[in-house]
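*Asks:* My file is my_file_11.cif. It has mmCIF, C-alpha atoms:
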data_query
loop_
_atom_site.label_atom_id
_atom_site.label_comp_id
_atom_site.auth_asym_id
_atom_site.auth_seq_id
_atom_site.Cartn_x
_atom_site.Cartn_y
_atom_site.Cartn_z
CA MET I 1440 1.94 12.93 26.91
CA ASN I 1441 3.13 14.48 23.64
CA ARG I 1442 0.40 16.16 21.62
CA ILE I 1443 -0.08 14.58 18.19
CA LYS I 1444 1.19 16.95 15.51
CA ALA I 1445 1.28 14.66 12.46
CA VAL I 1446 -0.28 11.56 10.96
CA VAL I 1447 1.71 9.34 8.61
CA PHE I 1448 -0.06 6.76 6.45
CA ASP I 1449 0.85 3.60 4.66
CA LEU I 1450 -0.59 3.86 1.15
CA ASP I 1451 -1.81 0.48 -0.11
CA ASN I 1452 -4.69 -1.06 1.85
CA THR I 1453 -4.72 1.92 4.17
CA LEU I 1454 -5.74 4.76 1.84
CA ILE I 1455 -6.28 2.62 -1.27
CA ASP I 1456 -8.13 -0.71 -1.52
CA PHE I 1457 -5.05 -2.06 -3.30
CA PHE I 1458 -5.50 -5.82 -2.91
CA LYS I 1459 -8.98 -5.69 -4.43
CA MET I 1460 -7.67 -3.70 -7.39
CA LYS I 1461 -4.63 -5.99 -7.77
CA GLU I 1462 -6.73 -9.16 -7.82
CA GLN I 1463 -9.20 -7.71 -10.34
CA CYS I 1464 -6.32 -6.65 -12.60
CA CYS I 1465 -4.67 -10.06 -12.36
CA GLU I 1466 -7.94 -11.87 -13.11
CA SER I 1467 -8.31 -9.83 -16.28
CA ALA I 1468 -4.64 -10.35 -17.22
CA VAL I 1469 -4.86 -14.11 -16.76
CA THR I 1470 -8.00 -14.32 -18.92
CA ALA I 1471 -6.23 -12.36 -21.68
CA MET I 1472 -3.08 -14.50 -21.47
CA VAL I 1473 -5.08 -17.74 -21.69
CA GLU I 1474 -6.97 -16.38 -24.71
CA ALA I 1475 -3.59 -15.46 -26.26
CA GLY I 1476 -2.29 -19.03 -25.94
CA LEU I 1477 -1.25 -19.71 -22.33
CA HIS I 1478 -2.03 -23.40 -21.78
CA LEU I 1479 -3.42 -23.21 -18.23
CA ASP I 1480 -6.96 -22.95 -16.99
CA GLU I 1481 -7.74 -19.49 -15.61
CA LYS I 1482 -8.18 -20.55 -11.97
CA THR I 1483 -4.84 -22.35 -11.85
CA ALA I 1484 -3.06 -19.54 -13.68
CA LEU I 1485 -4.44 -16.93 -11.27
CA GLU I 1486 -3.42 -18.96 -8.22
CA LYS I 1487 0.11 -19.39 -9.58
CA LEU I 1488 0.43 -15.71 -10.52
CA MET I 1489 -0.76 -14.46 -7.12
CA LYS I 1490 1.52 -16.92 -5.30
CA LEU I 1491 4.45 -15.60 -7.32
CA TYR I 1492 3.43 -12.00 -6.53
CA TRP I 1493 3.61 -12.63 -2.80
CA LYS I 1494 6.92 -14.42 -3.17
CA GLU I 1495 8.55 -11.74 -5.34
CA GLY I 1496 6.83 -8.74 -3.75
CA ILE I 1497 3.56 -7.06 -4.61
CA GLU I 1498 5.46 -4.13 -6.18
CA SER I 1499 7.36 -6.36 -8.62
CA GLN I 1500 7.46 -4.59 -11.98
CA ASN I 1501 8.30 -7.64 -14.12
CA ILE I 1502 6.11 -10.27 -12.51
CA PHE I 1503 4.43 -11.34 -15.78
CA GLU I 1504 7.79 -12.05 -17.41
CA LYS I 1505 8.82 -14.17 -14.41
CA PHE I 1506 5.46 -15.95 -14.48
CA LEU I 1507 5.78 -16.85 -18.17
CA GLU I 1508 9.40 -17.93 -17.81
CA LYS I 1509 8.36 -20.25 -14.99
CA GLU I 1510 5.38 -21.70 -16.84
CA LEU I 1511 6.68 -21.73 -20.43
CA GLY I 1512 10.43 -21.66 -19.99
CA LYS I 1513 10.52 -18.41 -21.97
CA VAL I 1514 8.73 -15.09 -22.42
CA ASP I 1515 6.10 -15.28 -25.16
CA TYR I 1516 5.63 -11.60 -26.04
CA LYS I 1517 2.19 -12.07 -27.59
CA ILE I 1518 0.95 -13.55 -24.31
CA LEU I 1519 2.89 -11.02 -22.24
CA ALA I 1520 1.52 -8.01 -24.12
CA SER I 1521 -2.03 -9.34 -23.91
CA GLY I 1522 -1.74 -9.72 -20.14
CA ILE I 1523 -0.19 -6.31 -19.53
CA ALA I 1524 -2.76 -4.53 -21.71
CA ALA I 1525 -5.66 -6.20 -19.90
CA TYR I 1526 -4.11 -5.41 -16.51
CA ARG I 1527 -3.74 -1.73 -17.39
CA ARG I 1528 -7.30 -1.42 -18.68
CA VAL I 1529 -8.76 -2.71 -15.42
CA LYS I 1530 -6.35 -0.76 -13.22
CA ALA I 1531 -7.39 2.54 -14.81
CA GLY I 1532 -10.95 2.12 -13.62
CA ASN I 1533 -10.47 0.43 -10.24
CA LEU I 1534 -7.92 2.44 -8.24
CA ALA I 1535 -9.97 4.21 -5.58
CA PRO I 1536 -9.61 5.38 -1.99
CA TYR I 1537 -11.44 3.71 0.87
CA PRO I 1538 -14.62 5.41 2.13
CA HIS I 1539 -14.10 8.65 4.09
CA VAL I 1540 -10.44 9.03 3.11
CA LYS I 1541 -10.71 12.47 1.56
CA SER I 1542 -13.06 13.87 4.22
CA THR I 1543 -10.77 12.56 6.98
CA LEU I 1544 -7.70 14.11 5.38
CA ILE I 1545 -9.53 17.43 5.09
CA ARG I 1546 -10.45 17.33 8.80
CA LEU I 1547 -6.88 16.52 9.81
CA LYS I 1548 -5.49 19.40 7.74
CA GLU I 1549 -8.08 21.76 9.22
CA LYS I 1550 -6.74 20.82 12.66
CA GLY I 1551 -3.27 21.92 11.57
CA LEU I 1552 -1.69 18.47 11.47
CA LYS I 1553 1.13 17.59 9.11
CA LEU I 1554 0.43 14.57 6.91
CA GLY I 1555 2.88 12.11 5.41
CA ILE I 1556 3.16 8.82 3.52
CA VAL I 1557 5.59 5.93 3.96
CA SER I 1558 5.21 3.41 1.15
CA ASP I 1559 7.19 0.40 -0.06
CA ALA I 1560 6.18 1.34 -3.61
CA PRO I 1561 8.72 2.95 -5.96
CA ARG I 1562 8.54 6.77 -5.80
CA MET I 1563 6.80 7.27 -9.15
CA GLN I 1564 4.25 4.55 -8.45
CA ALA I 1565 3.40 6.06 -5.06
CA TRP I 1566 2.91 9.53 -6.51
CA LEU I 1567 0.89 8.18 -9.45
CA ARG I 1568 -1.51 6.44 -7.07
CA LEU I 1569 -1.97 9.62 -5.07
CA ALA I 1570 -2.47 11.66 -8.25
CA GLU I 1571 -5.00 9.23 -9.70
CA MET I 1572 -7.08 9.61 -6.52
CA GLY I 1573 -6.68 13.41 -6.34
CA LEU I 1574 -4.81 13.26 -3.01
CA THR I 1575 -1.38 14.75 -3.78
CA ASP I 1576 -2.02 18.16 -2.19
CA PHE I 1577 -2.84 16.71 1.23
CA PHE I 1578 0.64 15.42 2.00
CA ASP I 1579 3.60 17.39 3.29
CA GLU I 1580 6.11 14.56 2.79
CA VAL I 1581 6.20 11.21 0.98
CA VAL I 1582 8.87 8.58 1.66
CA ALA I 1583 8.94 5.82 -0.96
CA PHE I 1584 11.23 2.83 -1.48
CA ASP I 1585 13.68 4.86 -3.58
CA ASP I 1586 14.36 7.23 -0.70
CA THR I 1587 15.98 4.67 1.62
CA GLY I 1588 16.31 1.45 -0.40
CA LYS I 1589 14.58 -0.34 2.48
CA THR I 1590 11.07 -1.66 2.98
CA LYS I 1591 9.02 -1.71 6.17
CA PRO I 1592 9.48 -2.77 8.96
CA ASN I 1593 13.09 -1.61 8.54
CA GLU I 1594 13.53 1.53 10.65
CA LYS I 1595 15.05 3.66 7.88
CA PRO I 1596 11.77 4.67 6.12
CA PHE I 1597 10.18 5.55 9.46
CA LYS I 1598 13.19 7.58 10.58
CA ALA I 1599 13.24 9.35 7.22
CA ILE I 1600 9.66 10.60 7.56
CA ILE I 1601 10.28 11.71 11.15
CA GLN I 1602 13.28 13.75 10.00
CA ARG I 1603 11.42 15.28 7.06
CA LEU I 1604 8.46 16.31 9.21
CA GLY I 1605 10.80 17.86 11.77
CA LEU I 1606 8.97 16.33 14.74
CA LYS I 1607 9.58 13.90 17.56
CA ALA I 1608 8.48 10.30 16.93
CA GLU I 1609 6.11 10.53 19.91
CA GLU I 1610 4.27 13.39 18.18
CA ILE I 1611 3.33 11.21 15.20
CA ILE I 1612 0.67 8.54 14.67
CA PHE I 1613 1.44 5.99 11.98
CA VAL I 1614 -1.57 4.35 10.30
CA GLY I 1615 -1.18 1.07 8.41
CA ASP I 1616 -2.92 -2.21 7.63
CA SER I 1617 -0.01 -4.59 8.30
CA PRO I 1618 0.88 -5.59 11.87
CA GLU I 1619 4.04 -7.20 10.52
CA ARG I 1620 5.35 -4.21 8.55
CA ASP I 1621 3.55 -1.06 9.68
CA ILE I 1622 2.86 -1.56 13.38
CA THR I 1623 6.17 -3.29 14.10
CA GLY I 1624 8.17 -0.62 12.26
CA ALA I 1625 6.34 2.36 13.74
CA LYS I 1626 6.55 1.08 17.31
CA ALA I 1627 10.25 0.33 16.90
CA VAL I 1628 10.98 4.05 16.40
CA LYS I 1629 8.58 5.13 19.18
CA MET I 1630 5.72 6.38 16.99
CA LYS I 1631 2.14 5.82 18.04
CA ALA I 1632 0.62 3.14 15.80
CA ALA I 1633 -2.95 2.69 14.56
CA LEU I 1634 -3.95 -0.54 12.78
CA ALA I 1635 -6.31 -0.06 9.81
CA LYS I 1636 -8.50 -3.10 10.48
CA TYR I 1637 -10.65 -2.28 7.43
CA GLY I 1638 -7.62 -2.95 5.20
CA GLU I 1639 -6.86 -6.44 6.48
CA SER I 1640 -6.95 -9.28 3.97
CA LYS I 1641 -6.22 -13.00 3.76
CA TYR I 1642 -2.57 -12.02 3.25
CA THR I 1643 -2.33 -10.10 6.55
CA LYS I 1644 0.17 -11.57 9.01
CA ASN I 1645 -0.01 -11.01 12.77
CA SER I 1646 3.30 -9.86 14.23
CA GLY I 1647 2.28 -10.14 17.88
CA ILE I 1648 3.00 -6.41 18.31
CA LYS I 1649 -0.11 -4.64 19.57
CA PRO I 1650 -1.08 -1.28 18.06
CA ASP I 1651 -2.00 1.69 20.25
CA PHE I 1652 -5.29 2.05 18.35
CA GLU I 1653 -7.48 0.05 15.96
CA LEU I 1654 -9.51 1.70 13.21
CA LYS I 1655 -12.65 0.09 11.82
CA ASP I 1656 -13.05 3.14 9.58
CA LEU I 1657 -10.45 5.77 8.75
CA ARG I 1658 -12.63 8.53 10.20
CA ASP I 1659 -12.14 6.90 13.65
CA LEU I 1660 -8.78 8.66 13.49
CA ILE I 1661 -10.41 12.05 14.08
CA GLY I 1662 -11.55 11.15 17.59
CA ILE I 1663 -8.13 9.74 18.47
CA VAL I 1664 -6.38 12.94 17.37
CA GLU I 1665 -8.87 15.14 19.21
CA LYS I 1666 -8.16 13.28 22.47
CA SER I 1667 -4.39 13.51 22.13
#
Could you write out this file's structure as structure tokens?
*Replies:*
Amino acid sequence: MNRIKAVVFDLDNTLIDFFKMKEQCCESAVTAMVEAGLHLDEKTALEKLMKLYWKEGIESQNIFEKFLEKELGKVDYKILASGIAAYRRVKAGNLAPYPHVKSTLIRLKEKGLKLGIVSDAPRMQAWLRLAEMGLTDFFDEVVAFDDTGKTKPNEKPFKAIIQRLGLKAEEIIFVGDSPERDITGAKAVKMKAALAKYGESKYTKNSGIKPDFELKDLRDLIGIVEKS
């Protein structure tokens, strides 16, 4: 058995409670857009916005424009600006790591492990999230969407992080919340895979691919590494 020499993490809903933050931001944005003249009730508007997010991709950078074009047939910039401003105000105060993230990362670094990130987010967005949580110094390598032009479970992001870390796939554990994207992709390139059960949401899809480990709390990772 290959000794584990590195841990690679998904970012959203693995290190960050991203869905909770996203929904709170969208709730605030919808309220502001309705107050600015959007002729929908808030519940209906939120449901339509979130449905569009999952269709277009949670990292979509122009989702509000697409939402307004669909609902109004055009972009009303008064409504758009109101929504974006409200979204940003809430985001600034609600982006936070899950419990025990920082202490777990410290323990892993103390054990001499390399740490990495593979995220579907654009490069700047990924680094901003890490910076806002004070986590940038923990990671040896970060592979974002810009680096390969592919999203998980495509093998390219996983192969990119393996190459950058300079290790064998079997020497790496990948930790992610999505069976469909994270576990499937990691297992396809022969990494060990740990499912972050604490990050599952109503949007989580089961791929049928079983992880090697399940984590109820991120600090469960310490015991797994110690036994490897």
*Asks:* Rank nothing, just name the residue among I:Asp1449, I:Arg1546, I:Ile1600, I:Leu1485 nearest to I:Arg1620, using all atoms listed in the file.
*Replies:*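 Checking each candidate against I:Arg1620, we get I:Asp1449 as the closest.
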*Asks:* For a quick check of understanding, using only C-alpha atoms, which of I:Thr1483, I:Asn1501, I:Thr1543, I:Asn1441 has the smallest distance to I:Gly1662?
*Replies:*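 Smallest distance to I:Gly1662 is found for I:Thr1543.
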*Asks:* Of the residues I:Asp1579, I:Asp1616, I:Asp1621, I:Glu1609, which is the one nearest to I:Leu1657, using all atoms listed in the file?
*Replies:*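 Ranked by minimum distance to I:Leu1657, first place goes to I:Asp1616.
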*Asks:* Can you work out which one of I:Asp1451, I:Glu1498, I:Ile1518, I:Phe1458 has the shortest atom-to-atom distance to I:His1478, counting all atoms listed in the file?
*Replies:*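 Nearest candidate to I:His1478 out of I:Asp1451, I:Glu1498, I:Ile1518, I:Phe1458: I:Ile1518.
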*Asks:* In Å, rounded to a single decimal, give me how far atom CA of I:Thr1590 is from atom CA of I:Lys1649.
*Replies:*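 Going from atom CA of I:Lys1649 over to atom CA of I:Thr1590, I get 20.2 Å.
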*Asks:* Quick one: of I:Leu1507, I:Leu1477, I:Leu1534, I:Val1581, who's nearest to I:Ile1601, counting all atoms listed in the file?
*Replies:*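 Closest residue, counting all atoms listed in the file: I:Val1581.
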*Asks:* Given the file shown, determine the residues that the PyMOL selection byres ((chain I and resi 1629-1640) around 10) selects; report them as JSON, numbers by chain.
*Replies:* {"I": [1443, 1446, 1447, 1448, 1449, 1451, 1452, 1453, 1454, 1455, 1456, 1457, 1458, 1459, 1537, 1597, 1598, 1601, 1607, 1608, 1609, 1610, 1611, 1612, 1613, 1614, 1615, 1616, 1617, 1618, 1621, 1622, 1623, 1624, 1625, 1626, 1627, 1628, 1641, 1642, 1643, 1644, 1649, 1650, 1651, 1652, 1653, 1654, 1655, 1656, 1657, 1659, 1660, 1663]}
*Asks:* Tell me, in Å to one decimal, how far atom CA of I:Lys1444 is from atom CA of I:Lys1553.
*Replies:*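 About the pair atom CA of I:Lys1444 and atom CA of I:Lys1553: they are 6.4 Å apart.
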*Asks:* To one decimal place in Å, what is the distance between atom CA of I:Val1540 and atom CA of I:Leu1574?
*Replies:*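 That distance, rounded to one decimal, is 9.3 Å.
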*Asks:* Return the single residue from I:Val1529, I:Phe1577, I:Arg1568, I:Lys1482 that is closest to I:Leu1552, with distances computed using only C-alpha atoms.
*Replies:*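 The answer is I:Phe1577, which sits nearest to I:Leu1552.
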*Asks:* Using the chain letters and residue numbers of this document, give as an MDAnalysis selection string the residues selected by the PyMOL selection byres ((chain I and resi 1487) around 12).
*Replies:* chainID I and resid 1465:1466 1469 1479:1486 1488:1494 1502:1503 1505:1507 1509:1510
